[in-house]
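The file input.cif contains mmCIF, C-alpha atoms:
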```
data_upload
loop_
_atom_site.group_PDB
_atom_site.id
_atom_site.type_symbol
_atom_site.label_atom_id
_atom_site.label_comp_id
_atom_site.auth_asym_id
_atom_site.auth_seq_id
_atom_site.Cartn_x
_atom_site.Cartn_y
_atom_site.Cartn_z
ATOM 1 C CA MET A 1233 36.386 -0.606 4.460
ATOM 2 C CA ILE A 1234 33.537 1.747 5.359
ATOM 3 C CA THR A 1235 34.748 5.140 6.460
ATOM 4 C CA GLY A 1236 32.991 7.615 8.711
ATOM 5 C CA THR A 1237 32.228 9.763 5.673
ATOM 6 C CA ASP A 1238 30.529 6.805 3.922
ATOM 7 C CA GLN A 1239 28.437 6.146 6.999
ATOM 8 C CA GLU A 1240 27.467 9.821 7.206
ATOM 9 C CA THR A 1241 26.501 9.835 3.495
ATOM 10 C CA ALA A 1242 24.444 6.660 3.955
ATOM 11 C CA ARG A 1243 22.776 8.159 7.030
ATOM 12 C CA ARG A 1244 21.906 11.325 5.111
ATOM 13 C CA ARG A 1245 20.550 9.327 2.171
ATOM 14 C CA GLY A 1246 18.414 7.305 4.560
ATOM 15 C CA ALA A 1247 17.107 10.437 6.228
ATOM 16 C CA MET A 1248 16.186 11.954 2.856
ATOM 17 C CA SER A 1249 14.579 8.809 1.426
ATOM 18 C CA ILE A 1250 10.812 8.890 0.976
ATOM 19 C CA TRP A 1251 10.674 5.373 2.441
ATOM 20 C CA THR A 1252 11.630 6.820 5.816
ATOM 21 C CA TYR A 1253 8.025 8.039 6.051
ATOM 22 C CA ALA A 1254 6.752 4.484 5.632
ATOM 23 C CA ASN A 1255 7.806 4.019 9.259
ATOM 24 C CA PRO A 1256 4.591 4.683 11.276
ATOM 25 C CA LYS A 1257 6.440 6.523 14.047
ATOM 26 C CA LYS A 1258 8.260 8.778 11.597
ATOM 27 C CA PHE A 1259 4.992 9.374 9.728
ATOM 28 C CA MET A 1260 3.195 10.317 12.958
ATOM 29 C CA ASP A 1261 6.012 12.715 13.936
ATOM 30 C CA VAL A 1262 6.180 14.486 10.579
ATOM 31 C CA SER A 1263 2.420 14.547 9.915
ATOM 32 C CA GLY A 1264 1.792 15.868 13.430
ATOM 33 C CA ARG A 1265 4.056 18.832 12.704
ATOM 34 C CA VAL A 1266 2.721 19.489 9.191
ATOM 35 C CA LEU A 1267 -0.987 18.989 9.861
ATOM 36 C CA PRO A 1268 -1.833 22.325 11.586
ATOM 37 C CA TRP A 1269 -0.245 24.281 8.723
ATOM 38 C CA VAL A 1270 -1.972 22.252 6.008
ATOM 39 C CA THR A 1271 -5.326 22.577 7.810
ATOM 40 C CA MET A 1272 -4.927 26.326 8.179
ATOM 41 C CA ALA A 1273 -3.897 26.733 4.526
ATOM 42 C CA ALA A 1274 -6.851 24.573 3.424
ATOM 43 C CA ALA A 1275 -9.355 26.640 5.424
ATOM 44 C CA LEU A 1276 -7.937 29.923 4.127
ATOM 45 C CA THR A 1277 -7.658 29.002 0.440
ATOM 46 C CA LEU A 1278 -10.952 27.124 0.242
ATOM 47 C CA GLY A 1279 -12.790 29.845 2.187
ATOM 48 C CA ALA A 1280 -11.316 32.628 0.066
ATOM 49 C CA GLY A 1281 -11.886 30.738 -3.213
ATOM 50 C CA LEU A 1282 -15.527 29.909 -2.479
ATOM 51 C CA VAL A 1283 -16.353 33.422 -1.254
ATOM 52 C CA TRP A 1284 -14.644 34.926 -4.311
ATOM 53 C CA GLY A 1285 -16.390 32.508 -6.668
ATOM 54 C CA PHE A 1286 -19.849 32.884 -5.156
ATOM 55 C CA PHE A 1287 -19.969 36.594 -4.304
ATOM 56 C CA PHE A 1288 -17.528 38.370 -6.594
ATOM 57 C CA THR A 1289 -17.649 36.753 -10.022
ATOM 58 C CA PRO A 1290 -19.894 38.115 -12.810
ATOM 59 C CA ASP A 1291 -22.623 36.118 -14.543
ATOM 60 C CA ASP A 1292 -21.529 34.372 -17.721
ATOM 61 C CA TYR A 1293 -22.966 35.714 -21.002
ATOM 62 C CA SER A 1294 -24.458 32.339 -21.919
ATOM 63 C CA GLN A 1295 -24.778 30.399 -18.654
ATOM 64 C CA GLY A 1296 -25.836 33.248 -16.363
ATOM 65 C CA ALA A 1297 -25.300 32.711 -12.634
ATOM 66 C CA THR A 1298 -24.932 28.929 -13.043
ATOM 67 C CA VAL A 1299 -21.263 29.530 -13.889
ATOM 68 C CA LYS A 1300 -20.715 29.898 -10.123
ATOM 69 C CA ILE A 1301 -21.319 26.141 -9.766
ATOM 70 C CA MET A 1302 -17.976 25.667 -11.543
ATOM 71 C CA PHE A 1303 -16.094 26.665 -8.350
ATOM 72 C CA VAL A 1304 -17.358 23.620 -6.489
ATOM 73 C CA HIS A 1305 -17.966 21.200 -9.368
ATOM 74 C CA VAL A 1306 -14.605 21.390 -11.148
ATOM 75 C CA PRO A 1307 -12.305 21.065 -8.076
ATOM 76 C CA ALA A 1308 -14.450 18.219 -6.693
ATOM 77 C CA ALA A 1309 -14.353 16.359 -10.022
ATOM 78 C CA MET A 1310 -10.593 16.886 -10.381
ATOM 79 C CA MET A 1311 -9.954 15.640 -6.874
ATOM 80 C CA ALA A 1312 -12.303 12.676 -7.304
ATOM 81 C CA ILE A 1313 -10.022 11.430 -10.085
ATOM 82 C CA ASN A 1314 -6.732 12.477 -8.462
ATOM 83 C CA THR A 1315 -7.681 10.793 -5.179
ATOM 84 C CA TRP A 1316 -8.048 7.510 -7.042
ATOM 85 C CA VAL A 1317 -4.629 8.087 -8.648
ATOM 86 C CA MET A 1318 -3.135 8.682 -5.168
ATOM 87 C CA MET A 1319 -4.826 5.476 -3.939
ATOM 88 C CA LEU A 1320 -3.399 3.643 -6.942
ATOM 89 C CA VAL A 1321 0.156 4.810 -6.168
ATOM 90 C CA ALA A 1322 -0.244 3.916 -2.480
ATOM 91 C CA SER A 1323 -1.715 0.519 -3.367
ATOM 92 C CA VAL A 1324 1.136 -0.271 -5.760
ATOM 93 C CA ILE A 1325 3.630 0.683 -3.016
ATOM 94 C CA TRP A 1326 1.809 -1.681 -0.659
ATOM 95 C CA ILE A 1327 1.724 -4.524 -3.199
ATOM 96 C CA VAL A 1328 5.404 -4.105 -4.156
ATOM 97 C CA ARG A 1329 7.075 -2.995 -0.919
ATOM 98 C CA ARG A 1330 4.550 -3.992 1.798
ATOM 99 C CA HIS A 1331 4.668 -0.654 3.620
ATOM 100 C CA HIS A 1332 1.664 -0.574 5.954
ATOM 101 C CA VAL A 1333 1.427 3.225 6.031
ATOM 102 C CA SER A 1334 0.832 3.319 2.269
ATOM 103 C CA ALA A 1335 -2.008 0.773 2.538
ATOM 104 C CA LEU A 1336 -3.542 2.765 5.399
ATOM 105 C CA ALA A 1337 -3.170 6.012 3.439
ATOM 106 C CA ALA A 1338 -5.013 4.472 0.471
ATOM 107 C CA ARG A 1339 -7.770 3.331 2.824
ATOM 108 C CA ALA A 1340 -7.893 6.769 4.456
ATOM 109 C CA ALA A 1341 -8.262 8.512 1.094
ATOM 110 C CA ALA A 1342 -11.191 6.432 -0.194
ATOM 111 C CA PRO A 1343 -14.054 8.097 1.766
ATOM 112 C CA VAL A 1344 -12.584 11.493 0.866
ATOM 113 C CA GLY A 1345 -12.553 10.535 -2.826
ATOM 114 C CA LEU A 1346 -16.082 9.155 -2.558
ATOM 115 C CA THR A 1347 -17.288 12.451 -1.073
ATOM 116 C CA PHE A 1348 -15.605 14.429 -3.886
ATOM 117 C CA THR A 1349 -17.207 12.114 -6.462
ATOM 118 C CA LEU A 1350 -20.659 12.586 -4.903
ATOM 119 C CA ILE A 1351 -20.163 16.360 -4.877
ATOM 120 C CA ALA A 1352 -19.144 16.282 -8.544
ATOM 121 C CA LEU A 1353 -22.145 14.130 -9.509
ATOM 122 C CA VAL A 1354 -24.734 16.166 -7.565
ATOM 123 C CA THR A 1355 -23.406 19.596 -8.551
ATOM 124 C CA GLY A 1356 -23.053 18.335 -12.131
ATOM 125 C CA ALA A 1357 -26.729 17.350 -12.144
ATOM 126 C CA LEU A 1358 -27.705 20.736 -10.665
ATOM 127 C CA TRP A 1359 -25.605 22.496 -13.316
ATOM 128 C CA GLY A 1360 -26.835 20.269 -16.125
ATOM 129 C CA GLN A 1361 -30.542 20.858 -15.521
ATOM 130 C CA PRO A 1362 -30.635 24.556 -16.542
ATOM 131 C CA ILE A 1363 -27.885 24.257 -19.183
ATOM 132 C CA TRP A 1364 -28.620 20.896 -20.865
ATOM 133 C CA ASN A 1365 -32.255 20.771 -19.756
ATOM 134 C CA THR A 1366 -31.678 17.424 -18.057
ATOM 135 C CA TRP A 1367 -30.421 16.267 -14.661
ATOM 136 C CA TRP A 1368 -28.642 13.279 -16.129
ATOM 137 C CA ALA A 1369 -27.532 11.874 -19.470
ATOM 138 C CA TRP A 1370 -25.692 8.650 -20.280
ATOM 139 C CA ASP A 1371 -22.830 10.745 -21.546
ATOM 140 C CA PRO A 1372 -19.385 9.031 -21.558
ATOM 141 C CA ARG A 1373 -17.930 11.330 -18.915
ATOM 142 C CA LEU A 1374 -20.954 11.230 -16.610
ATOM 143 C CA THR A 1375 -21.283 7.465 -16.943
ATOM 144 C CA SER A 1376 -17.586 6.800 -16.236
ATOM 145 C CA PHE A 1377 -17.863 9.095 -13.201
ATOM 146 C CA LEU A 1378 -20.873 7.163 -11.911
ATOM 147 C CA ILE A 1379 -18.921 3.903 -12.305
ATOM 148 C CA LEU A 1380 -15.990 5.525 -10.462
ATOM 149 C CA ALA A 1381 -18.398 6.314 -7.579
ATOM 150 C CA PHE A 1382 -19.417 2.626 -7.480
ATOM 151 C CA PHE A 1383 -15.726 1.639 -7.419
ATOM 152 C CA TYR A 1384 -15.210 3.957 -4.441
ATOM 153 C CA LEU A 1385 -18.212 2.369 -2.677
ATOM 154 C CA GLY A 1386 -16.892 -1.110 -3.470
ATOM 155 C CA TYR A 1387 -13.421 -0.179 -2.210
ATOM 156 C CA VAL A 1388 -14.754 1.164 1.107
ATOM 157 C CA ALA A 1389 -17.072 -1.841 1.507
ATOM 158 C CA LEU A 1390 -14.268 -4.330 0.753
ATOM 159 C CA TRP A 1391 -11.987 -2.789 3.406
ATOM 160 C CA SER A 1392 -14.819 -3.065 5.949
ATOM 161 C CA ALA A 1393 -15.760 -6.603 4.973
ATOM 162 C CA ILE A 1394 -12.349 -8.265 5.434
ATOM 163 C CA GLU A 1395 -11.076 -8.721 8.967
ATOM 164 C CA ASN A 1396 -7.410 -9.395 8.164
ATOM 165 C CA PRO A 1397 -5.946 -5.951 7.340
ATOM 166 C CA ASP A 1398 -3.164 -7.309 5.097
ATOM 167 C CA ALA A 1399 -5.605 -9.389 3.052
ATOM 168 C CA ALA A 1400 -7.939 -6.384 2.845
ATOM 169 C CA ALA A 1401 -5.061 -4.215 1.621
ATOM 170 C CA ASP A 1402 -4.136 -6.833 -1.014
ATOM 171 C CA LEU A 1403 -7.670 -7.176 -2.366
ATOM 172 C CA THR A 1404 -8.487 -3.468 -2.277
ATOM 173 C CA GLY A 1405 -5.137 -2.822 -3.992
ATOM 174 C CA LEU A 1406 -6.217 -5.077 -6.857
ATOM 175 C CA LEU A 1407 -9.630 -3.374 -6.974
ATOM 176 C CA CYS A 1408 -7.818 -0.044 -7.153
ATOM 177 C CA LEU A 1409 -5.786 -1.232 -10.160
ATOM 178 C CA VAL A 1410 -8.979 -2.278 -11.993
ATOM 179 C CA GLY A 1411 -10.833 0.931 -11.044
ATOM 180 C CA SER A 1412 -7.991 3.024 -12.433
ATOM 181 C CA VAL A 1413 -9.346 2.341 -15.917
ATOM 182 C CA PHE A 1414 -12.485 4.288 -14.983
ATOM 183 C CA ALA A 1415 -10.512 7.027 -13.258
ATOM 184 C CA VAL A 1416 -8.609 7.554 -16.527
ATOM 185 C CA LEU A 1417 -11.837 7.291 -18.547
ATOM 186 C CA SER A 1418 -13.490 9.878 -16.273
ATOM 187 C CA ARG A 1419 -10.663 12.276 -17.030
ATOM 188 C CA TYR A 1420 -10.353 11.707 -20.775
ATOM 189 C CA ALA A 1421 -13.858 10.547 -21.783
ATOM 190 C CA ALA A 1422 -14.679 13.933 -23.322
ATOM 191 C CA LYS A 1423 -11.564 13.608 -25.499
ATOM 192 C CA PHE A 1424 -12.130 9.929 -26.437
ATOM 193 C CA TRP A 1425 -15.810 10.332 -27.357
ATOM 194 C CA SER A 1426 -16.849 13.701 -28.693
ATOM 195 C CA GLN A 1427 -20.585 12.878 -28.924
ATOM 196 C CA GLY A 1428 -21.268 13.491 -25.212
ATOM 197 C CA LEU A 1429 -22.900 16.523 -23.615
ATOM 198 C CA HIS A 1430 -20.020 17.198 -21.230
ATOM 199 C CA GLN A 1431 -17.381 19.554 -22.574
ATOM 200 C CA ASP A 1432 -13.630 19.001 -22.354
ATOM 201 C CA SER A 1433 -11.581 20.850 -19.715
ATOM 202 C CA THR A 1434 -10.854 24.522 -20.395
ATOM 203 C CA ILE A 1435 -8.614 25.162 -17.376
ATOM 204 C CA LEU A 1436 -5.361 24.559 -19.229
ATOM 205 C CA LYS A 1437 -6.440 26.353 -22.393
ATOM 206 C CA ILE A 1438 -4.647 29.601 -21.609
ATOM 207 C CA GLY A 1439 -3.675 31.258 -24.877
ATOM 208 C CA GLU A 1440 -5.790 28.824 -26.893
ATOM 209 C CA ARG A 1441 -9.031 29.487 -28.776
ATOM 210 C CA ASP A 1442 -11.527 28.881 -25.998
ATOM 211 C CA PRO A 1443 -9.829 29.834 -22.729
ATOM 212 C CA LEU A 1444 -11.437 30.390 -19.359
ATOM 213 C CA ALA A 1445 -11.801 34.138 -18.687
ATOM 214 C CA ILE A 1446 -9.399 35.478 -16.088
ATOM 215 C CA GLU A 1447 -12.224 36.612 -13.735
ATOM 216 C CA TYR A 1448 -13.238 32.950 -13.395
ATOM 217 C CA TYR A 1449 -9.767 31.450 -13.713
ATOM 218 C CA LEU A 1450 -8.203 32.971 -10.576
ATOM 219 C CA PRO A 1451 -10.953 32.018 -8.088
ATOM 220 C CA LEU A 1452 -11.132 28.587 -9.707
ATOM 221 C CA VAL A 1453 -7.396 28.037 -9.171
ATOM 222 C CA LEU A 1454 -7.841 29.129 -5.544
ATOM 223 C CA CYS A 1455 -10.720 26.676 -5.078
ATOM 224 C CA ILE A 1456 -8.688 23.858 -6.657
ATOM 225 C CA ALA A 1457 -5.792 24.642 -4.291
ATOM 226 C CA GLY A 1458 -8.277 24.643 -1.393
ATOM 227 C CA PHE A 1459 -9.661 21.224 -2.349
ATOM 228 C CA VAL A 1460 -6.125 19.810 -2.740
ATOM 229 C CA LEU A 1461 -5.099 21.122 0.694
ATOM 230 C CA LEU A 1462 -8.344 19.899 2.275
ATOM 231 C CA PHE A 1463 -7.699 16.479 0.763
ATOM 232 C CA LEU A 1464 -4.162 16.479 2.188
ATOM 233 C CA ALA A 1465 -5.353 17.501 5.654
ATOM 234 C CA LEU A 1466 -8.132 14.911 5.710
ATOM 235 C CA VAL A 1467 -5.908 12.093 4.458
ATOM 236 C CA LEU A 1468 -3.236 12.946 7.029
ATOM 237 C CA VAL A 1469 -5.791 12.941 9.884
ATOM 238 C CA ARG A 1470 -7.433 9.741 8.646
ATOM 239 C CA THR A 1471 -4.107 7.955 8.149
ATOM 240 C CA ARG A 1472 -3.030 8.943 11.668
ATOM 241 C CA THR A 1473 -6.355 7.566 12.940
ATOM 242 C CA ALA A 1474 -5.820 4.310 11.035
ATOM 243 C CA ILE A 1475 -2.283 3.950 12.464
ATOM 244 C CA ARG A 1476 -3.627 4.480 16.006
ATOM 245 C CA ALA A 1477 -6.452 1.981 15.422
ATOM 246 C CA ARG A 1478 -3.922 -0.572 14.177
ATOM 247 C CA ARG A 1479 -1.786 -0.020 17.261
ATOM 248 C CA VAL A 1480 -4.858 -0.458 19.490
ATOM 249 C CA ALA A 1481 -5.621 -3.766 17.751
ATOM 250 C CA ALA A 1482 -2.002 -4.912 18.192
ATOM 251 C CA LEU A 1483 -1.956 -3.973 21.900
ATOM 252 C CA LEU A 1484 -5.310 -5.682 22.515
ATOM 253 C CA ALA A 1485 -3.987 -8.832 20.836
ATOM 254 C CA ARG A 1486 -0.843 -8.686 22.983
ATOM 255 C CA GLU A 1487 -2.968 -8.178 26.099
ATOM 256 C CA ARG A 1488 -5.109 -11.213 25.259
ATOM 257 C CA LEU A 1489 -2.001 -13.368 24.796
ATOM 258 C CA ALA A 1490 -0.400 -12.212 28.056
ATOM 259 C CA MET B 230 -24.033 41.413 -0.473
ATOM 260 C CA ILE B 231 -25.875 38.318 -1.737
ATOM 261 C CA PRO B 232 -25.507 38.233 -5.527
ATOM 262 C CA ASP B 233 -28.632 38.304 -7.650
ATOM 263 C CA LEU B 234 -28.792 34.735 -8.949
ATOM 264 C CA GLY B 235 -32.168 35.232 -10.660
ATOM 265 C CA ARG B 236 -33.937 32.038 -11.717
ATOM 266 C CA TYR B 237 -30.790 30.017 -11.044
ATOM 267 C CA ALA B 238 -30.778 30.743 -7.298
ATOM 268 C CA LEU B 239 -31.978 27.260 -6.370
ATOM 269 C CA VAL B 240 -29.401 25.299 -8.386
ATOM 270 C CA VAL B 241 -26.475 27.585 -7.476
ATOM 271 C CA CYS B 242 -27.291 27.741 -3.744
ATOM 272 C CA GLY B 243 -28.146 24.025 -3.830
ATOM 273 C CA SER B 244 -24.704 23.226 -5.290
ATOM 274 C CA TYR B 245 -22.881 25.204 -2.610
ATOM 275 C CA GLY B 246 -25.168 23.799 0.089
ATOM 276 C CA VAL B 247 -24.604 20.174 -0.965
ATOM 277 C CA THR B 248 -20.846 20.734 -1.246
ATOM 278 C CA LEU B 249 -20.484 22.427 2.132
ATOM 279 C CA GLY B 250 -22.834 19.932 3.775
ATOM 280 C CA LEU B 251 -20.970 16.871 2.466
ATOM 281 C CA LEU B 252 -17.562 18.362 3.295
ATOM 282 C CA ALA B 253 -18.718 19.353 6.803
ATOM 283 C CA GLY B 254 -20.063 15.822 7.348
ATOM 284 C CA LEU B 255 -16.786 14.291 6.173
ATOM 285 C CA VAL B 256 -14.721 16.589 8.408
ATOM 286 C CA ALA B 257 -16.990 15.853 11.412
ATOM 287 C CA VAL B 258 -16.777 12.065 10.931
ATOM 288 C CA THR B 259 -13.000 12.281 10.412
ATOM 289 C CA LEU B 260 -12.494 14.287 13.630
ATOM 290 C CA TRP B 261 -14.853 12.047 15.608
ATOM 291 C CA GLN B 262 -13.081 8.873 14.462
ATOM 292 C CA GLY B 263 -9.696 10.489 15.179
ATOM 293 C CA ARG B 264 -10.674 11.458 18.732
ATOM 294 C CA ARG B 265 -12.099 8.001 19.399
ATOM 295 C CA ALA B 266 -8.925 6.263 18.154
ATOM 296 C CA ARG B 267 -6.720 8.564 20.240
ATOM 297 C CA ARG B 268 -8.860 7.950 23.359
ATOM 298 C CA ASP B 269 -8.826 4.164 22.833
ATOM 299 C CA LEU B 270 -5.044 4.164 22.393
ATOM 300 C CA ASP B 271 -4.509 6.330 25.483
ATOM 301 C CA GLU B 272 -6.750 4.033 27.528
ATOM 302 C CA ILE B 273 -5.036 0.819 26.543
ATOM 303 C CA GLU B 274 -1.531 2.281 26.866
ATOM 304 C CA THR B 275 -2.372 3.564 30.347
ATOM 305 C CA ARG B 276 -3.842 0.187 31.286
ATOM 306 C CA LEU B 277 -0.831 -1.735 29.980
ATOM 307 C CA ALA B 278 1.611 0.678 31.642
ATOM 308 C CA GLY B 279 -0.284 0.270 34.939
ATOM 309 C CA GLY B 280 -0.325 -3.522 34.578
ATOM 310 C CA SER B 281 3.399 -3.808 33.833
ATOM 311 C CA GLY B 282 4.220 -1.328 36.602
ATOM 312 C CA GLY B 283 2.430 -3.464 39.191
ATOM 313 C CA GLU B 284 4.254 -6.668 38.271
#
```
As structure tokens, please, write out the structure in this file.
Amino acid sequence: MITGTDQETARRRGAMSIWTYANPKKFMDVSGRVLPWVTMAAALTLGAGLVWGFFFTPDDYSQGATVKIMFVHVPAAMMAINTWVMMLVASVIWIVRRHHVSALAARAAAPVGLTFTLIALVTGALWGQPIWNTWWAWDPRLTSFLILAFFYLGYVALWSAIENPDAAADLTGLLCLVGSVFAVLSRYAAKFWSQGLHQDSTILKIGERDPLAIEYYLPLVLCIAGFVLLFLALVLVRTRTAIRARRVAALLARERLA
Amino acid sequence: MIPDLGRYALVVCGSYGVTLGLLAGLVAVTLWQGRRARRDLDEIETRLAGGSGGE
């Protein structure tokens, strides 16, 4: 026999479950409340981080003023990889549990990830020219990043090319699984192959032999937080747009049938 | 106020310019698509509500 207490516990569990947000209406309600705060936090942190990094950091003893490129290059590169990881998680949720919001969130994130990847590639080339004396090298990390950019392009193109949204979500989900190899390679290429030009990350080397100096570390952390929050805000807006577009398509179909 | 970037001025300013330009473009497209989807949904919901109300 189910008691009132059991029902209350079940209700609370349901309310706290992450799957509650897979309901489009619930997602729209919660994201609508959260979005202004995330947007404001993104604008503040990114603005403060970039101003700090550009105007108030000293030149590096070996790289000179080019060290300031780090404040846009590193967060963009980190988020290019992490966006793909988020798309992978959302795609797996779609493939396993068939929650439409997760498929739409993966779709919404792809152009954001592509933009971050382009920023990382262009700023990397601009940084590489004075430091390595070349705009581009077929270095493992650079090459895997370029392939990741092509995967992003392919992902966006595949979504646009397939009319049936469920079939598009299935196929792009599979593409996302395959592309994850290059997302991982982009992150760890400098560790796997040491012959490349690109150095390994120094952000987490606090207390180790070659740490990032504190005058660069703090604005960099602020910029990374800004990029993460901007990503969140953009994905929320874009997912809400995708949910509305899906509803429009459903209503138009219903209208045609009536 | 503007830091002395020396001979690296072009690459440093170029990096910030490209970043801000691409991000601004992405934000603009995102907002434009969002407004269009909201307007389309409002239109069709109003039309359907009007149609069902008249029946």
- Item | For atom CA of A:Ala1341 and atom CA of A:Lys1300, the interatomic separation in Å (one decimal) |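 Atom CA of A:Lys1300 lies at a distance of 27.2 Å from atom CA of A:Ala1341.
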- Find the residues near stretch 239-251 of chain B: any atom within 10 Å, counting all atoms listed in the file, skip ones fewer than 6 places away on the same chain, and give them as a list in words. Leu1282, Phe1286, Ala1297, Thr1298, Val1299, Lys1300, Ile1301, Met1302, Phe1303, Val1304, His1305, Ala1308, Thr1347, Phe1348, Leu1350, Ile1351, Ala1352, Val1354, Thr1355, Gly1356, Ala1357, Leu1358, Trp1359, Gly1360, Gln1361 and Pro1362 of chain A; Ala257 of chain B
- All residues 12 Å or closer to B:Arg268, all atoms listed in the file, same chain fewer than 4 positions away omitted, as a ChimeraX atom specification: /A:1473,1476-1477,1480 /B:261-264,272-275
For a cut-off of 10 Å around (-6.9, 24.2, -9.6), file coordinates, pick out all residues using only C-alpha atoms and list them as a PDB file with C-alpha atoms, in the frame of the given file.
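Below you can see part02.pdb, which holds the result:
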```pdb
ATOM      1  CA  PHE A1303     -16.094  26.665  -8.350  1.00  0.00           C
ATOM      2  CA  VAL A1306     -14.605  21.390 -11.148  1.00  0.00           C
ATOM      3  CA  PRO A1307     -12.305  21.065  -8.076  1.00  0.00           C
ATOM      4  CA  MET A1310     -10.593  16.886 -10.381  1.00  0.00           C
ATOM      5  CA  MET A1311      -9.954  15.640  -6.874  1.00  0.00           C
ATOM      6  CA  ILE A1435      -8.614  25.162 -17.376  1.00  0.00           C
ATOM      7  CA  LEU A1436      -5.361  24.559 -19.229  1.00  0.00           C
ATOM      8  CA  TYR A1449      -9.767  31.450 -13.713  1.00  0.00           C
ATOM      9  CA  LEU A1450      -8.203  32.971 -10.576  1.00  0.00           C
ATOM     10  CA  PRO A1451     -10.953  32.018  -8.088  1.00  0.00           C
ATOM     11  CA  LEU A1452     -11.132  28.587  -9.707  1.00  0.00           C
ATOM     12  CA  VAL A1453      -7.396  28.037  -9.171  1.00  0.00           C
ATOM     13  CA  LEU A1454      -7.841  29.129  -5.544  1.00  0.00           C
ATOM     14  CA  CYS A1455     -10.720  26.676  -5.078  1.00  0.00           C
ATOM     15  CA  ILE A1456      -8.688  23.858  -6.657  1.00  0.00           C
ATOM     16  CA  ALA A1457      -5.792  24.642  -4.291  1.00  0.00           C
ATOM     17  CA  GLY A1458      -8.277  24.643  -1.393  1.00  0.00           C
ATOM     18  CA  PHE A1459      -9.661  21.224  -2.349  1.00  0.00           C
ATOM     19  CA  VAL A1460      -6.125  19.810  -2.740  1.00  0.00           C
TER      20      VAL A1460
END
```
Hey, what's within 9 Å of A:Leu1409 if we count only C-alpha atoms and toss same-chain stuff fewer than 6 positions away? As a PDB file with C-alpha atoms, in the coordinates of the input, please?
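Saved file selection.pdb follows:
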```pdb
ATOM      1  CA  LEU A1320      -3.399   3.643  -6.942  1.00  0.00           C
ATOM      2  CA  SER A1323      -1.715   0.519  -3.367  1.00  0.00           C
ATOM      3  CA  VAL A1324       1.136  -0.271  -5.760  1.00  0.00           C
TER       4      VAL A1324
END
```
- Starting from the displayed file, determine the output of the PyMOL selection byres ((chain B and resi 231) around 9) and express the residue list as a list of chain:residue names. A:Phe1286, A:Phe1287, B:Met230, B:Pro232, B:Asp233, B:Leu234
Selection from above, C-alpha atoms, as a PDB file, in the frame of the given file, can you write it?
```
ATOM      1  CA  PHE A1286     -19.849  32.884  -5.156  1.00  0.00           C
ATOM      2  CA  PHE A1287     -19.969  36.594  -4.304  1.00  0.00           C
TER       3      PHE A1287
ATOM      4  CA  MET B 230     -24.033  41.413  -0.473  1.00  0.00           C
ATOM      5  CA  PRO B 232     -25.507  38.233  -5.527  1.00  0.00           C
ATOM      6  CA  ASP B 233     -28.632  38.304  -7.650  1.00  0.00           C
ATOM      7  CA  LEU B 234     -28.792  34.735  -8.949  1.00  0.00           C
TER       8      LEU B 234
END
```
Only C-alpha atoms, as a PDB file, in the first residue's frame: that is what I want for stretch 1447-1482 of chain A.
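Saved to selection_37.pdb:
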```
ATOM      1  CA  GLU A1447      49.420  38.439 -12.620  1.00  0.00           C
ATOM      2  CA  TYR A1448      48.314  36.434 -15.671  1.00  0.00           C
ATOM      3  CA  TYR A1449      46.526  33.655 -13.808  1.00  0.00           C
ATOM      4  CA  LEU A1450      43.767  35.742 -12.186  1.00  0.00           C
ATOM      5  CA  PRO A1451      42.591  37.605 -15.317  1.00  0.00           C
ATOM      6  CA  LEU A1452      42.818  34.347 -17.256  1.00  0.00           C
ATOM      7  CA  VAL A1453      40.535  32.592 -14.754  1.00  0.00           C
ATOM      8  CA  LEU A1454      38.109  35.520 -15.041  1.00  0.00           C
ATOM      9  CA  CYS A1455      38.142  35.276 -18.844  1.00  0.00           C
ATOM     10  CA  ILE A1456      37.574  31.504 -18.691  1.00  0.00           C
ATOM     11  CA  ALA A1457      34.611  32.062 -16.345  1.00  0.00           C
ATOM     12  CA  GLY A1458      33.308  34.714 -18.762  1.00  0.00           C
ATOM     13  CA  PHE A1459      33.523  32.351 -21.744  1.00  0.00           C
ATOM     14  CA  VAL A1460      31.796  29.566 -19.767  1.00  0.00           C
ATOM     15  CA  LEU A1461      28.958  31.900 -18.739  1.00  0.00           C
ATOM     16  CA  LEU A1462      28.655  33.300 -22.271  1.00  0.00           C
ATOM     17  CA  PHE A1463      28.435  29.744 -23.576  1.00  0.00           C
ATOM     18  CA  LEU A1464      25.695  28.949 -21.045  1.00  0.00           C
ATOM     19  CA  ALA A1465      23.708  32.070 -21.930  1.00  0.00           C
ATOM     20  CA  LEU A1466      23.988  31.461 -25.670  1.00  0.00           C
ATOM     21  CA  VAL A1467      23.064  27.783 -25.422  1.00  0.00           C
ATOM     22  CA  LEU A1468      20.054  28.598 -23.241  1.00  0.00           C
ATOM     23  CA  VAL A1469      18.817  31.253 -25.711  1.00  0.00           C
ATOM     24  CA  ARG A1470      19.454  29.011 -28.716  1.00  0.00           C
ATOM     25  CA  THR A1471      17.779  25.992 -27.109  1.00  0.00           C
ATOM     26  CA  ARG A1472      14.734  28.117 -26.251  1.00  0.00           C
ATOM     27  CA  THR A1473      14.670  29.276 -29.887  1.00  0.00           C
ATOM     28  CA  ALA A1474      14.880  25.675 -31.115  1.00  0.00           C
ATOM     29  CA  ILE A1475      12.012  24.624 -28.801  1.00  0.00           C
ATOM     30  CA  ARG A1476       9.858  27.499 -30.115  1.00  0.00           C
ATOM     31  CA  ALA A1477      10.719  26.633 -33.730  1.00  0.00           C
ATOM     32  CA  ARG A1478       9.747  23.013 -33.085  1.00  0.00           C
ATOM     33  CA  ARG A1479       6.445  24.124 -31.589  1.00  0.00           C
ATOM     34  CA  VAL A1480       5.803  26.359 -34.620  1.00  0.00           C
ATOM     35  CA  ALA A1481       6.430  23.383 -36.921  1.00  0.00           C
ATOM     36  CA  ALA A1482       4.071  21.199 -34.854  1.00  0.00           C
TER      37      ALA A1482
END
```
